[in-house]
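Below is entry-v7.pdb, holding PDB, C-alpha atoms and all ligand atoms.
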ATOM      1  CA  MET A  37     -45.028-136.936  -2.558  1.00  0.00           C
ATOM      2  CA  LYS A  38     -47.052-134.777  -4.897  1.00  0.00           C
ATOM      3  CA  LEU A  39     -50.816-134.686  -4.296  1.00  0.00           C
ATOM      4  CA  ILE A  40     -53.216-133.594  -7.036  1.00  0.00           C
ATOM      5  CA  GLU A  41     -56.842-133.003  -6.017  1.00  0.00           C
ATOM      6  CA  TYR A  42     -59.509-133.086  -8.704  1.00  0.00           C
ATOM      7  CA  PRO A  43     -63.006-131.588  -8.656  1.00  0.00           C
ATOM      8  CA  ASP A  44     -64.547-135.019  -9.356  1.00  0.00           C
ATOM      9  CA  ALA A  45     -63.603-138.591 -10.214  1.00  0.00           C
ATOM     10  CA  GLU A  46     -64.542-138.243 -13.885  1.00  0.00           C
ATOM     11  CA  ALA A  47     -62.107-135.366 -14.370  1.00  0.00           C
ATOM     12  CA  MET A  48     -59.457-137.293 -12.469  1.00  0.00           C
ATOM     13  CA  MET A  49     -59.832-140.448 -14.582  1.00  0.00           C
ATOM     14  CA  MET A  50     -59.547-138.447 -17.806  1.00  0.00           C
ATOM     15  CA  GLN A  51     -56.500-136.514 -16.689  1.00  0.00           C
ATOM     16  CA  VAL A  52     -54.728-139.541 -15.264  1.00  0.00           C
ATOM     17  CA  ALA A  53     -55.336-141.468 -18.506  1.00  0.00           C
ATOM     18  CA  ASP A  54     -53.978-138.487 -20.432  1.00  0.00           C
ATOM     19  CA  ARG A  55     -50.904-138.322 -18.208  1.00  0.00           C
ATOM     20  CA  LEU A  56     -50.220-142.039 -18.590  1.00  0.00           C
ATOM     21  CA  ALA A  57     -50.619-141.778 -22.365  1.00  0.00           C
ATOM     22  CA  SER A  58     -48.083-138.923 -22.461  1.00  0.00           C
ATOM     23  CA  GLU A  59     -45.637-140.869 -20.326  1.00  0.00           C
ATOM     24  CA  ILE A  60     -46.036-143.933 -22.564  1.00  0.00           C
ATOM     25  CA  THR A  61     -45.331-141.809 -25.650  1.00  0.00           C
ATOM     26  CA  MET A  62     -42.316-140.180 -24.015  1.00  0.00           C
ATOM     27  CA  GLY A  63     -41.010-143.552 -22.847  1.00  0.00           C
ATOM     28  CA  LEU A  64     -41.334-145.035 -26.318  1.00  0.00           C
ATOM     29  CA  SER A  65     -39.285-142.220 -27.831  1.00  0.00           C
ATOM     30  CA  GLY A  66     -36.215-143.433 -25.956  1.00  0.00           C
ATOM     31  CA  HIS A  67     -36.780-147.193 -25.684  1.00  0.00           C
ATOM     32  CA  GLY A  68     -37.964-150.151 -27.701  1.00  0.00           C
ATOM     33  CA  HIS A  69     -40.783-150.833 -25.286  1.00  0.00           C
ATOM     34  CA  VAL A  70     -42.456-149.397 -22.207  1.00  0.00           C
ATOM     35  CA  SER A  71     -43.543-151.501 -19.223  1.00  0.00           C
ATOM     36  CA  LEU A  72     -46.778-150.317 -17.641  1.00  0.00           C
ATOM     37  CA  ALA A  73     -47.877-151.925 -14.357  1.00  0.00           C
ATOM     38  CA  VAL A  74     -51.475-151.319 -13.325  1.00  0.00           C
ATOM     39  CA  PRO A  75     -53.652-152.285 -10.373  1.00  0.00           C
ATOM     40  CA  GLY A  76     -56.872-154.239 -10.212  1.00  0.00           C
ATOM     41  CA  GLY A  77     -59.707-153.553  -7.810  1.00  0.00           C
ATOM     42  CA  SER A  78     -62.659-151.219  -8.145  1.00  0.00           C
ATOM     43  CA  THR A  79     -60.968-147.869  -8.874  1.00  0.00           C
ATOM     44  CA  PRO A  80     -58.991-147.879 -12.149  1.00  0.00           C
ATOM     45  CA  GLY A  81     -61.659-149.158 -14.607  1.00  0.00           C
ATOM     46  CA  PRO A  82     -62.517-145.714 -16.050  1.00  0.00           C
ATOM     47  CA  VAL A  83     -58.823-144.953 -16.664  1.00  0.00           C
ATOM     48  CA  PHE A  84     -58.554-148.263 -18.521  1.00  0.00           C
ATOM     49  CA  ASP A  85     -61.641-147.458 -20.605  1.00  0.00           C
ATOM     50  CA  ILE A  86     -60.118-144.179 -21.764  1.00  0.00           C
ATOM     51  CA  LEU A  87     -56.612-145.557 -22.324  1.00  0.00           C
ATOM     52  CA  SER A  88     -57.849-148.541 -24.342  1.00  0.00           C
ATOM     53  CA  GLY A  89     -59.218-146.169 -26.992  1.00  0.00           C
ATOM     54  CA  THR A  90     -56.143-143.917 -27.069  1.00  0.00           C
ATOM     55  CA  ASP A  91     -54.002-143.906 -30.159  1.00  0.00           C
ATOM     56  CA  LEU A  92     -50.572-145.083 -28.983  1.00  0.00           C
ATOM     57  CA  ALA A  93     -47.942-147.496 -30.270  1.00  0.00           C
ATOM     58  CA  TRP A  94     -49.569-150.181 -28.141  1.00  0.00           C
ATOM     59  CA  ASP A  95     -47.618-152.959 -29.855  1.00  0.00           C
ATOM     60  CA  ARG A  96     -44.578-151.618 -27.973  1.00  0.00           C
ATOM     61  CA  VAL A  97     -46.316-151.442 -24.595  1.00  0.00           C
ATOM     62  CA  HIS A  98     -45.948-154.315 -22.130  1.00  0.00           C
ATOM     63  CA  VAL A  99     -48.760-154.353 -19.594  1.00  0.00           C
ATOM     64  CA  LEU A 100     -48.653-156.219 -16.300  1.00  0.00           C
ATOM     65  CA  LEU A 101     -50.642-156.238 -13.098  1.00  0.00           C
ATOM     66  CA  THR A 102     -49.267-154.964  -9.807  1.00  0.00           C
ATOM     67  CA  ASP A 103     -50.938-157.964  -8.147  1.00  0.00           C
ATOM     68  CA  GLU A 104     -53.330-160.808  -8.771  1.00  0.00           C
ATOM     69  CA  ARG A 105     -55.826-162.632  -6.645  1.00  0.00           C
ATOM     70  CA  ARG A 106     -55.587-166.423  -6.517  1.00  0.00           C
ATOM     71  CA  VAL A 107     -58.848-167.014  -8.398  1.00  0.00           C
ATOM     72  CA  PRO A 108     -59.487-168.355 -11.920  1.00  0.00           C
ATOM     73  CA  PRO A 109     -58.921-165.740 -14.668  1.00  0.00           C
ATOM     74  CA  ASP A 110     -62.639-165.630 -15.489  1.00  0.00           C
ATOM     75  CA  HIS A 111     -63.656-165.080 -11.838  1.00  0.00           C
ATOM     76  CA  ASP A 112     -65.465-161.841 -10.903  1.00  0.00           C
ATOM     77  CA  ARG A 113     -62.608-160.935  -8.541  1.00  0.00           C
ATOM     78  CA  SER A 114     -59.836-161.634 -11.044  1.00  0.00           C
ATOM     79  CA  ASN A 115     -57.709-158.568 -11.748  1.00  0.00           C
ATOM     80  CA  GLU A 116     -56.711-160.154 -15.066  1.00  0.00           C
ATOM     81  CA  ARG A 117     -60.367-160.325 -16.025  1.00  0.00           C
ATOM     82  CA  LEU A 118     -60.750-156.608 -15.281  1.00  0.00           C
ATOM     83  CA  LEU A 119     -57.754-155.853 -17.458  1.00  0.00           C
ATOM     84  CA  ARG A 120     -58.929-157.996 -20.362  1.00  0.00           C
ATOM     85  CA  GLU A 121     -62.407-156.437 -20.230  1.00  0.00           C
ATOM     86  CA  ARG A 122     -61.445-152.788 -19.681  1.00  0.00           C
ATOM     87  CA  LEU A 123     -57.846-152.188 -20.895  1.00  0.00           C
ATOM     88  CA  LEU A 124     -56.597-154.885 -23.295  1.00  0.00           C
ATOM     89  CA  ARG A 125     -59.218-154.172 -25.931  1.00  0.00           C
ATOM     90  CA  ASP A 126     -59.878-151.685 -28.744  1.00  0.00           C
ATOM     91  CA  ARG A 127     -56.533-150.015 -29.670  1.00  0.00           C
ATOM     92  CA  ALA A 128     -54.812-151.394 -26.561  1.00  0.00           C
ATOM     93  CA  ALA A 129     -55.545-154.960 -27.709  1.00  0.00           C
ATOM     94  CA  ALA A 130     -52.163-154.715 -29.470  1.00  0.00           C
ATOM     95  CA  ALA A 131     -50.310-154.431 -26.143  1.00  0.00           C
ATOM     96  CA  GLN A 132     -48.306-157.379 -24.861  1.00  0.00           C
ATOM     97  CA  PHE A 133     -49.814-158.697 -21.637  1.00  0.00           C
ATOM     98  CA  ILE A 134     -47.349-160.167 -19.131  1.00  0.00           C
ATOM     99  CA  ARG A 135     -49.405-162.480 -16.887  1.00  0.00           C
ATOM    100  CA  LEU A 136     -48.698-162.349 -13.153  1.00  0.00           C
ATOM    101  CA  VAL A 137     -49.434-166.023 -12.516  1.00  0.00           C
ATOM    102  CA  PRO A 138     -47.075-168.936 -13.107  1.00  0.00           C
ATOM    103  CA  ASP A 139     -48.049-171.327 -15.907  1.00  0.00           C
ATOM    104  CA  GLU A 140     -49.908-174.445 -14.752  1.00  0.00           C
ATOM    105  CA  GLY A 141     -47.518-176.558 -12.668  1.00  0.00           C
ATOM    106  CA  ALA A 142     -44.589-174.172 -13.182  1.00  0.00           C
ATOM    107  CA  ALA A 143     -42.442-172.848 -10.334  1.00  0.00           C
ATOM    108  CA  MET A 144     -42.376-169.225  -9.126  1.00  0.00           C
ATOM    109  CA  ASP A 145     -38.938-168.673 -10.675  1.00  0.00           C
ATOM    110  CA  THR A 146     -40.496-168.988 -14.146  1.00  0.00           C
ATOM    111  CA  LEU A 147     -42.724-166.048 -13.235  1.00  0.00           C
ATOM    112  CA  GLU A 148     -39.728-164.091 -11.951  1.00  0.00           C
ATOM    113  CA  ALA A 149     -37.952-164.740 -15.270  1.00  0.00           C
ATOM    114  CA  ARG A 150     -41.009-163.460 -17.161  1.00  0.00           C
ATOM    115  CA  ILE A 151     -41.047-160.228 -15.181  1.00  0.00           C
ATOM    116  CA  ALA A 152     -37.288-159.549 -15.126  1.00  0.00           C
ATOM    117  CA  PRO A 153     -37.133-158.019 -18.659  1.00  0.00           C
ATOM    118  CA  GLU A 154     -39.822-155.495 -17.614  1.00  0.00           C
ATOM    119  CA  LEU A 155     -37.710-154.026 -14.807  1.00  0.00           C
ATOM    120  CA  PRO A 156     -37.321-151.307 -13.868  1.00  0.00           C
ATOM    121  CA  LEU A 157     -40.973-150.580 -14.572  1.00  0.00           C
ATOM    122  CA  SER A 158     -41.332-147.559 -16.841  1.00  0.00           C
ATOM    123  CA  ILE A 159     -44.689-146.520 -15.381  1.00  0.00           C
ATOM    124  CA  LEU A 160     -46.406-147.760 -12.238  1.00  0.00           C
ATOM    125  CA  LEU A 161     -50.041-147.028 -11.453  1.00  0.00           C
ATOM    126  CA  LEU A 162     -51.084-148.178  -7.991  1.00  0.00           C
ATOM    127  CA  GLY A 163     -54.360-148.305  -6.129  1.00  0.00           C
ATOM    128  CA  MET A 164     -54.621-148.184  -2.358  1.00  0.00           C
ATOM    129  CA  GLY A 165     -57.103-149.749   0.038  1.00  0.00           C
ATOM    130  CA  ALA A 166     -58.518-147.855   3.008  1.00  0.00           C
ATOM    131  CA  ASP A 167     -56.303-150.187   5.077  1.00  0.00           C
ATOM    132  CA  MET A 168     -53.299-148.613   3.283  1.00  0.00           C
ATOM    133  CA  HIS A 169     -52.400-151.732   1.329  1.00  0.00           C
ATOM    134  CA  CYS A 170     -51.032-151.311  -2.169  1.00  0.00           C
ATOM    135  CA  ALA A 171     -50.624-153.987  -4.827  1.00  0.00           C
ATOM    136  CA  SER A 172     -51.222-156.980  -2.511  1.00  0.00           C
ATOM    137  CA  LEU A 173     -48.924-155.818   0.263  1.00  0.00           C
ATOM    138  CA  PHE A 174     -51.289-155.913   3.236  1.00  0.00           C
ATOM    139  CA  PRO A 175     -50.555-154.661   6.769  1.00  0.00           C
ATOM    140  CA  GLY A 176     -50.252-157.653   9.073  1.00  0.00           C
ATOM    141  CA  ALA A 177     -49.479-160.200   6.332  1.00  0.00           C
ATOM    142  CA  PRO A 178     -46.859-162.685   7.574  1.00  0.00           C
ATOM    143  CA  GLN A 179     -44.810-162.200   4.381  1.00  0.00           C
ATOM    144  CA  LEU A 180     -44.852-158.372   4.499  1.00  0.00           C
ATOM    145  CA  ALA A 181     -41.370-157.759   5.940  1.00  0.00           C
ATOM    146  CA  ARG A 182     -39.842-160.100   3.378  1.00  0.00           C
ATOM    147  CA  ALA A 183     -41.848-158.536   0.531  1.00  0.00           C
ATOM    148  CA  LEU A 184     -40.729-155.022   1.471  1.00  0.00           C
ATOM    149  CA  ALA A 185     -37.067-155.946   1.925  1.00  0.00           C
ATOM    150  CA  GLU A 186     -34.434-154.647  -0.481  1.00  0.00           C
ATOM    151  CA  ASP A 187     -33.506-158.215  -1.471  1.00  0.00           C
ATOM    152  CA  ALA A 188     -37.074-159.477  -1.967  1.00  0.00           C
ATOM    153  CA  PRO A 189     -37.742-161.454  -5.140  1.00  0.00           C
ATOM    154  CA  PRO A 190     -39.675-159.360  -7.701  1.00  0.00           C
ATOM    155  CA  VAL A 191     -42.906-161.249  -7.166  1.00  0.00           C
ATOM    156  CA  MET A 192     -44.160-163.192  -4.159  1.00  0.00           C
ATOM    157  CA  GLU A 193     -47.120-165.249  -3.033  1.00  0.00           C
ATOM    158  CA  VAL A 194     -48.662-163.529  -0.018  1.00  0.00           C
ATOM    159  CA  ASP A 195     -51.676-163.582   2.238  1.00  0.00           C
ATOM    160  CA  ALA A 196     -54.167-160.740   2.025  1.00  0.00           C
ATOM    161  CA  ALA A 197     -56.398-159.364   4.777  1.00  0.00           C
ATOM    162  CA  GLU A 198     -58.576-161.845   6.670  1.00  0.00           C
ATOM    163  CA  GLY A 199     -61.349-163.342   4.570  1.00  0.00           C
ATOM    164  CA  LEU A 200     -59.655-162.509   1.250  1.00  0.00           C
ATOM    165  CA  GLU A 201     -58.035-164.974  -1.128  1.00  0.00           C
ATOM    166  CA  PRO A 202     -54.196-165.318  -1.248  1.00  0.00           C
ATOM    167  CA  ARG A 203     -52.383-163.153  -3.775  1.00  0.00           C
ATOM    168  CA  LEU A 204     -49.405-162.783  -6.067  1.00  0.00           C
ATOM    169  CA  THR A 205     -47.819-159.365  -5.832  1.00  0.00           C
ATOM    170  CA  LEU A 206     -44.965-157.287  -7.104  1.00  0.00           C
ATOM    171  CA  THR A 207     -42.736-156.574  -4.134  1.00  0.00           C
ATOM    172  CA  GLY A 208     -41.170-153.521  -2.506  1.00  0.00           C
ATOM    173  CA  PRO A 209     -38.001-153.264  -4.631  1.00  0.00           C
ATOM    174  CA  VAL A 210     -40.002-153.446  -7.871  1.00  0.00           C
ATOM    175  CA  LEU A 211     -42.517-150.825  -6.734  1.00  0.00           C
ATOM    176  CA  ARG A 212     -39.835-148.505  -5.350  1.00  0.00           C
ATOM    177  CA  GLY A 213     -37.733-148.915  -8.489  1.00  0.00           C
ATOM    178  CA  ALA A 214     -40.355-147.712 -10.981  1.00  0.00           C
ATOM    179  CA  MET A 215     -39.307-144.746 -13.087  1.00  0.00           C
ATOM    180  CA  SER A 216     -42.672-143.021 -12.667  1.00  0.00           C
ATOM    181  CA  THR A 217     -45.220-143.768  -9.931  1.00  0.00           C
ATOM    182  CA  HIS A 218     -48.861-142.718  -9.706  1.00  0.00           C
ATOM    183  CA  VAL A 219     -51.383-143.606  -7.009  1.00  0.00           C
ATOM    184  CA  LEU A 220     -55.091-143.357  -7.853  1.00  0.00           C
ATOM    185  CA  ILE A 221     -57.576-143.013  -4.996  1.00  0.00           C
ATOM    186  CA  THR A 222     -61.105-141.767  -4.393  1.00  0.00           C
ATOM    187  CA  GLY A 223     -63.148-140.955  -1.312  1.00  0.00           C
ATOM    188  CA  ASP A 224     -62.698-139.370   2.082  1.00  0.00           C
ATOM    189  CA  ASP A 225     -61.728-142.643   3.768  1.00  0.00           C
ATOM    190  CA  LYS A 226     -58.769-143.165   1.452  1.00  0.00           C
ATOM    191  CA  ARG A 227     -57.756-139.515   1.755  1.00  0.00           C
ATOM    192  CA  ALA A 228     -57.634-139.931   5.543  1.00  0.00           C
ATOM    193  CA  ALA A 229     -55.695-143.189   5.112  1.00  0.00           C
ATOM    194  CA  LEU A 230     -53.214-141.381   2.860  1.00  0.00           C
ATOM    195  CA  GLU A 231     -52.591-138.750   5.537  1.00  0.00           C
ATOM    196  CA  THR A 232     -51.958-141.520   8.083  1.00  0.00           C
ATOM    197  CA  ALA A 233     -49.674-143.366   5.663  1.00  0.00           C
ATOM    198  CA  ARG A 234     -47.544-140.258   5.071  1.00  0.00           C
ATOM    199  CA  ARG A 235     -46.406-140.458   8.695  1.00  0.00           C
ATOM    200  CA  ALA A 236     -46.340-144.259   9.005  1.00  0.00           C
ATOM    201  CA  ASP A 237     -43.856-147.060   8.607  1.00  0.00           C
ATOM    202  CA  PRO A 238     -44.449-149.317   5.550  1.00  0.00           C
ATOM    203  CA  MET A 239     -44.992-152.253   7.903  1.00  0.00           C
ATOM    204  CA  GLU A 240     -48.142-150.475   9.148  1.00  0.00           C
ATOM    205  CA  ALA A 241     -48.947-148.710   5.878  1.00  0.00           C
ATOM    206  CA  PRO A 242     -47.413-150.540   2.892  1.00  0.00           C
ATOM    207  CA  ILE A 243     -48.271-147.677   0.484  1.00  0.00           C
ATOM    208  CA  ALA A 244     -45.706-145.609   2.440  1.00  0.00           C
ATOM    209  CA  THR A 245     -42.955-147.550   0.695  1.00  0.00           C
ATOM    210  CA  VAL A 246     -43.565-145.564  -2.540  1.00  0.00           C
ATOM    211  CA  LEU A 247     -45.029-142.273  -1.338  1.00  0.00           C
ATOM    212  CA  ASP A 248     -41.846-140.205  -1.397  1.00  0.00           C
ATOM    213  CA  ARG A 249     -41.564-140.750  -5.164  1.00  0.00           C
ATOM    214  CA  ALA A 250     -45.268-140.856  -6.070  1.00  0.00           C
ATOM    215  CA  THR A 251     -47.820-138.517  -7.539  1.00  0.00           C
ATOM    216  CA  VAL A 252     -51.099-139.207  -5.747  1.00  0.00           C
ATOM    217  CA  HIS A 253     -54.317-138.430  -7.618  1.00  0.00           C
ATOM    218  CA  TRP A 254     -57.403-137.962  -5.453  1.00  0.00           C
ATOM    219  CA  ALA A 255     -61.035-137.044  -5.985  1.00  0.00           C
ATOM    220  CA  ARG A 256     -63.824-137.225  -3.435  1.00  0.00           C
ATOM    221  CA  GLU A 257     -66.388-138.949  -5.706  1.00  0.00           C
TER     222      GLU A 257
HETATM  223  O1  LIG B 301     -57.263-155.918  -3.770  1.00  0.00           O
HETATM  224  C1  LIG B 301     -56.830-154.962  -4.356  1.00  0.00           C
HETATM  225  O2  LIG B 301     -56.990-153.733  -3.796  1.00  0.00           O
HETATM  226  C2  LIG B 301     -56.305-152.559  -4.240  1.00  0.00           C
HETATM  227  C3  LIG B 301     -57.249-151.396  -3.991  1.00  0.00           C
HETATM  228  O3  LIG B 301     -58.471-151.715  -4.637  1.00  0.00           O
HETATM  229  P1  LIG B 301     -59.748-150.754  -4.667  1.00  0.00           P
HETATM  230  O4  LIG B 301     -60.898-151.683  -5.007  1.00  0.00           O
HETATM  231  O5  LIG B 301     -59.884-150.172  -3.284  1.00  0.00           O
HETATM  232  O6  LIG B 301     -59.495-149.729  -5.717  1.00  0.00           O
HETATM  233  C4  LIG B 301     -55.867-152.658  -5.699  1.00  0.00           C
HETATM  234  O7  LIG B 301     -55.028-151.599  -6.007  1.00  0.00           O
HETATM  235  C5  LIG B 301     -55.218-154.015  -5.941  1.00  0.00           C
HETATM  236  O8  LIG B 301     -54.709-154.100  -7.254  1.00  0.00           O
HETATM  237  C6  LIG B 301     -56.260-155.073  -5.710  1.00  0.00           C
HETATM  238  O9  LIG B 301     -55.815-156.385  -5.992  1.00  0.00           O
END
Can the structure from this file be put into structure tokens for me?
Amino acid sequence: MKLIEYPDAEAMMMQVADRLASEITMGLSGHGHVSLAVPGGSTPGPVFDILSGTDLAWDRVHVLLTDERRVPPDHDRSNERLLRERLLRDRAAAAQFIRLVPDEGAAMDTLEARIAPELPLSILLLGMGADMHCASLFPGAPQLARALAEDAPPVMEVDAAEGLEPRLTLTGPVLRGAMSTHVLITGDDKRAALETARRADPMEAPIATVLDRATVHWARE
């Protein structure tokens, strides 16, 4: 794991956006398209704001979520809503968005087929909760062992922590297989959680499943 500490969150968001933009450009020089998986939640919005205005060959970038909450796409807690409002606009409106929910009435294998051409992910940006969950792989979820297993399907329906809505999430093999992995976190609580996760089993700290290959970006505020 590589840990980069920034003087403040604003500097971190700018430099992470810059790094992702460079990786997208590099990826596009060798391939027809780049697959970029990004988290939802409260942390990555400023990175999305910066990236959306960056001059890139967005029409060759395929964007997908690391996980989605089982709420309507216009719901306040929808990760897709966050993406549409903060990333898939301005210059990045030209990107192809790969939705992480099955079409109405369609089976999960249709979603797996949609995601398959995006694998391995070119670039993975993950968030992490203070409970050490990443994507929607939560400690204590009944589906966690299956979702972390080498033979897990690429996307699964899972339970989240108590009181939260069920989720759809990319699974362990997809996250571990990404060609470039970044984790974006802020605050002292998440920094302490990261230190715990470095020594923990992924069943207790799901983020641990990617840490050996990740660059973690942290700022206090
Ligand atoms: O529920 C989720 O949580 C994590 C972390 O979110 P944050 O609000 O603490 O930044 C996020 O990465 C994930 O995509 C989201 O669905």
Check which residues satisfy the PyMOL selection byres (((chain A and resi 104) around 9) and not hetatm) in the file shown, then give them as a PDB file with C-alpha atoms, in the frame of the given file.
ATOM      1  CA  PRO A  75     -53.652-152.285 -10.373  1.00  0.00           C
ATOM      2  CA  GLY A  76     -56.872-154.239 -10.212  1.00  0.00           C
ATOM      3  CA  LEU A 101     -50.642-156.238 -13.098  1.00  0.00           C
ATOM      4  CA  THR A 102     -49.267-154.964  -9.807  1.00  0.00           C
ATOM      5  CA  ASP A 103     -50.938-157.964  -8.147  1.00  0.00           C
ATOM      6  CA  ARG A 105     -55.826-162.632  -6.645  1.00  0.00           C
ATOM      7  CA  ARG A 106     -55.587-166.423  -6.517  1.00  0.00           C
ATOM      8  CA  VAL A 107     -58.848-167.014  -8.398  1.00  0.00           C
ATOM      9  CA  SER A 114     -59.836-161.634 -11.044  1.00  0.00           C
ATOM     10  CA  ASN A 115     -57.709-158.568 -11.748  1.00  0.00           C
ATOM     11  CA  GLU A 116     -56.711-160.154 -15.066  1.00  0.00           C
ATOM     12  CA  LEU A 136     -48.698-162.349 -13.153  1.00  0.00           C
ATOM     13  CA  VAL A 137     -49.434-166.023 -12.516  1.00  0.00           C
ATOM     14  CA  ALA A 171     -50.624-153.987  -4.827  1.00  0.00           C
ATOM     15  CA  SER A 172     -51.222-156.980  -2.511  1.00  0.00           C
ATOM     16  CA  PRO A 202     -54.196-165.318  -1.248  1.00  0.00           C
ATOM     17  CA  ARG A 203     -52.383-163.153  -3.775  1.00  0.00           C
ATOM     18  CA  LEU A 204     -49.405-162.783  -6.067  1.00  0.00           C
ATOM     19  CA  THR A 205     -47.819-159.365  -5.832  1.00  0.00           C
TER      20      THR A 205
END
Apply the PyMOL selection byres (((chain A and resi 90) around 10) and not hetatm) to the structure shown and report the selected residues as a list in words.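 Given this file, the PyMOL selection byres (((chain A and resi 90) around 10) and not hetatm) evaluates to Ala53, Asp54, Ala57, Phe84, Asp85, Ile86, Leu87, Ser88, Gly89, Asp91, Leu92, Ala93, Trp94, Asp126, Arg127 and Ala128 of chain A.
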Which residues fall under the PyMOL selection byres (((chain A and resi 210-224) around 8) and not hetatm) in this file, as a VMD selection string? chain A and resid 45 79 to 80 155 to 164 190 206 to 209 225 to 228 245 to 246 249 to 257
Writer output for current selection, C-alpha atoms, as a PDB file, keeping the file's coordinate frame:
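The resulting out22.pdb:
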ATOM      1  CA  ALA A  45     -63.603-138.591 -10.214  1.00  0.00           C
ATOM      2  CA  THR A  79     -60.968-147.869  -8.874  1.00  0.00           C
ATOM      3  CA  PRO A  80     -58.991-147.879 -12.149  1.00  0.00           C
ATOM      4  CA  LEU A 155     -37.710-154.026 -14.807  1.00  0.00           C
ATOM      5  CA  PRO A 156     -37.321-151.307 -13.868  1.00  0.00           C
ATOM      6  CA  LEU A 157     -40.973-150.580 -14.572  1.00  0.00           C
ATOM      7  CA  SER A 158     -41.332-147.559 -16.841  1.00  0.00           C
ATOM      8  CA  ILE A 159     -44.689-146.520 -15.381  1.00  0.00           C
ATOM      9  CA  LEU A 160     -46.406-147.760 -12.238  1.00  0.00           C
ATOM     10  CA  LEU A 161     -50.041-147.028 -11.453  1.00  0.00           C
ATOM     11  CA  LEU A 162     -51.084-148.178  -7.991  1.00  0.00           C
ATOM     12  CA  GLY A 163     -54.360-148.305  -6.129  1.00  0.00           C
ATOM     13  CA  MET A 164     -54.621-148.184  -2.358  1.00  0.00           C
ATOM     14  CA  PRO A 190     -39.675-159.360  -7.701  1.00  0.00           C
ATOM     15  CA  LEU A 206     -44.965-157.287  -7.104  1.00  0.00           C
ATOM     16  CA  THR A 207     -42.736-156.574  -4.134  1.00  0.00           C
ATOM     17  CA  GLY A 208     -41.170-153.521  -2.506  1.00  0.00           C
ATOM     18  CA  PRO A 209     -38.001-153.264  -4.631  1.00  0.00           C
ATOM     19  CA  ASP A 225     -61.728-142.643   3.768  1.00  0.00           C
ATOM     20  CA  LYS A 226     -58.769-143.165   1.452  1.00  0.00           C
ATOM     21  CA  ARG A 227     -57.756-139.515   1.755  1.00  0.00           C
ATOM     22  CA  ALA A 228     -57.634-139.931   5.543  1.00  0.00           C
ATOM     23  CA  THR A 245     -42.955-147.550   0.695  1.00  0.00           C
ATOM     24  CA  VAL A 246     -43.565-145.564  -2.540  1.00  0.00           C
ATOM     25  CA  ARG A 249     -41.564-140.750  -5.164  1.00  0.00           C
ATOM     26  CA  ALA A 250     -45.268-140.856  -6.070  1.00  0.00           C
ATOM     27  CA  THR A 251     -47.820-138.517  -7.539  1.00  0.00           C
ATOM     28  CA  VAL A 252     -51.099-139.207  -5.747  1.00  0.00           C
ATOM     29  CA  HIS A 253     -54.317-138.430  -7.618  1.00  0.00           C
ATOM     30  CA  TRP A 254     -57.403-137.962  -5.453  1.00  0.00           C
ATOM     31  CA  ALA A 255     -61.035-137.044  -5.985  1.00  0.00           C
ATOM     32  CA  ARG A 256     -63.824-137.225  -3.435  1.00  0.00           C
ATOM     33  CA  GLU A 257     -66.388-138.949  -5.706  1.00  0.00           C
TER      34      GLU A 257
END
Best match for closeness to ligand LIG 301 (chain B) among A:Glu201, A:Glu231, A:Asp110, A:Asp145, counting all atoms listed in the file: A:Glu201
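Candidate residues A:Leu123, A:Leu173, A:Leu39, A:Val191 were compared for distance to ligand LIG 301 (chain B), and the nearest is A:Leu173, using all atoms listed in the file.
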d(CA of Val83 in chain A, CA of Leu147 in chain A) in Å: 26.8 Å
Distance in Å - atom P1 of ligand LIG 301 (chain B) versus CA of Met62 in chain A: 28.1 Å
How big is the axis-aligned box around the listed atoms of ligand LIG 301 (chain B) once 8 Å is added on each side, and where is its centre? Give both in Å to one decimal, as lines of an AutoDock Vina configuration file.
center_x = -57.8
center_y = -153.1
center_z = -5.3
size_x = 22.2
size_y = 22.7
size_z = 20.0
Under the rule that all atoms listed in the file are counted, which of A:Cys170, A:Ile134, A:Ala233, A:Ala185 is the nearest residue to ligand LIG 301 (chain B)? A:Cys170
Non-local contacts of Arg235 in chain A (10 Å; all atoms listed in the file; under 5 positions in same chain excluded) as a PyMOL selection string: chain A and resi 230+241+244
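Among the candidate residues A:Ala152, A:Ala177, A:Ile60, A:Leu118, the one lying nearest to ligand LIG 301 (chain B) is A:Leu118, with distances computed using only C-alpha atoms and all ligand atoms.
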Kindly add N, CA and C atoms to the incomplete range 103-109 of chain A and provide the output as an mmCIF file, in the coordinates of the input.
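Result saved to rebuild.cif:
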data_model
loop_
_atom_site.group_PDB
_atom_site.id
_atom_site.type_symbol
_atom_site.label_atom_id
_atom_site.label_comp_id
_atom_site.auth_asym_id
_atom_site.auth_seq_id
_atom_site.Cartn_x
_atom_site.Cartn_y
_atom_site.Cartn_z
ATOM 1 N N ASP A 103 -50.637 -156.825 -9.027
ATOM 2 C CA ASP A 103 -50.938 -157.964 -8.147
ATOM 3 C C ASP A 103 -52.135 -158.726 -8.711
ATOM 4 N N GLU A 104 -52.203 -159.972 -8.336
ATOM 5 C CA GLU A 104 -53.330 -160.808 -8.771
ATOM 6 C C GLU A 104 -53.868 -161.624 -7.619
ATOM 7 N N ARG A 105 -55.161 -161.809 -7.662
ATOM 8 C CA ARG A 105 -55.826 -162.632 -6.645
ATOM 9 C C ARG A 105 -55.815 -164.081 -7.108
ATOM 10 N N ARG A 106 -55.656 -164.999 -6.162
ATOM 11 C CA ARG A 106 -55.587 -166.423 -6.517
ATOM 12 C C ARG A 106 -56.993 -166.951 -6.794
ATOM 13 N N VAL A 107 -57.537 -166.546 -7.935
ATOM 14 C CA VAL A 107 -58.848 -167.014 -8.398
ATOM 15 C C VAL A 107 -58.693 -167.310 -9.886
ATOM 16 N N PRO A 108 -59.588 -168.103 -10.475
ATOM 17 C CA PRO A 108 -59.487 -168.355 -11.920
ATOM 18 C C PRO A 108 -59.590 -167.047 -12.714
ATOM 19 N N PRO A 109 -58.968 -166.995 -13.909
ATOM 20 C CA PRO A 109 -58.921 -165.740 -14.668
ATOM 21 C C PRO A 109 -60.283 -165.236 -15.134
#
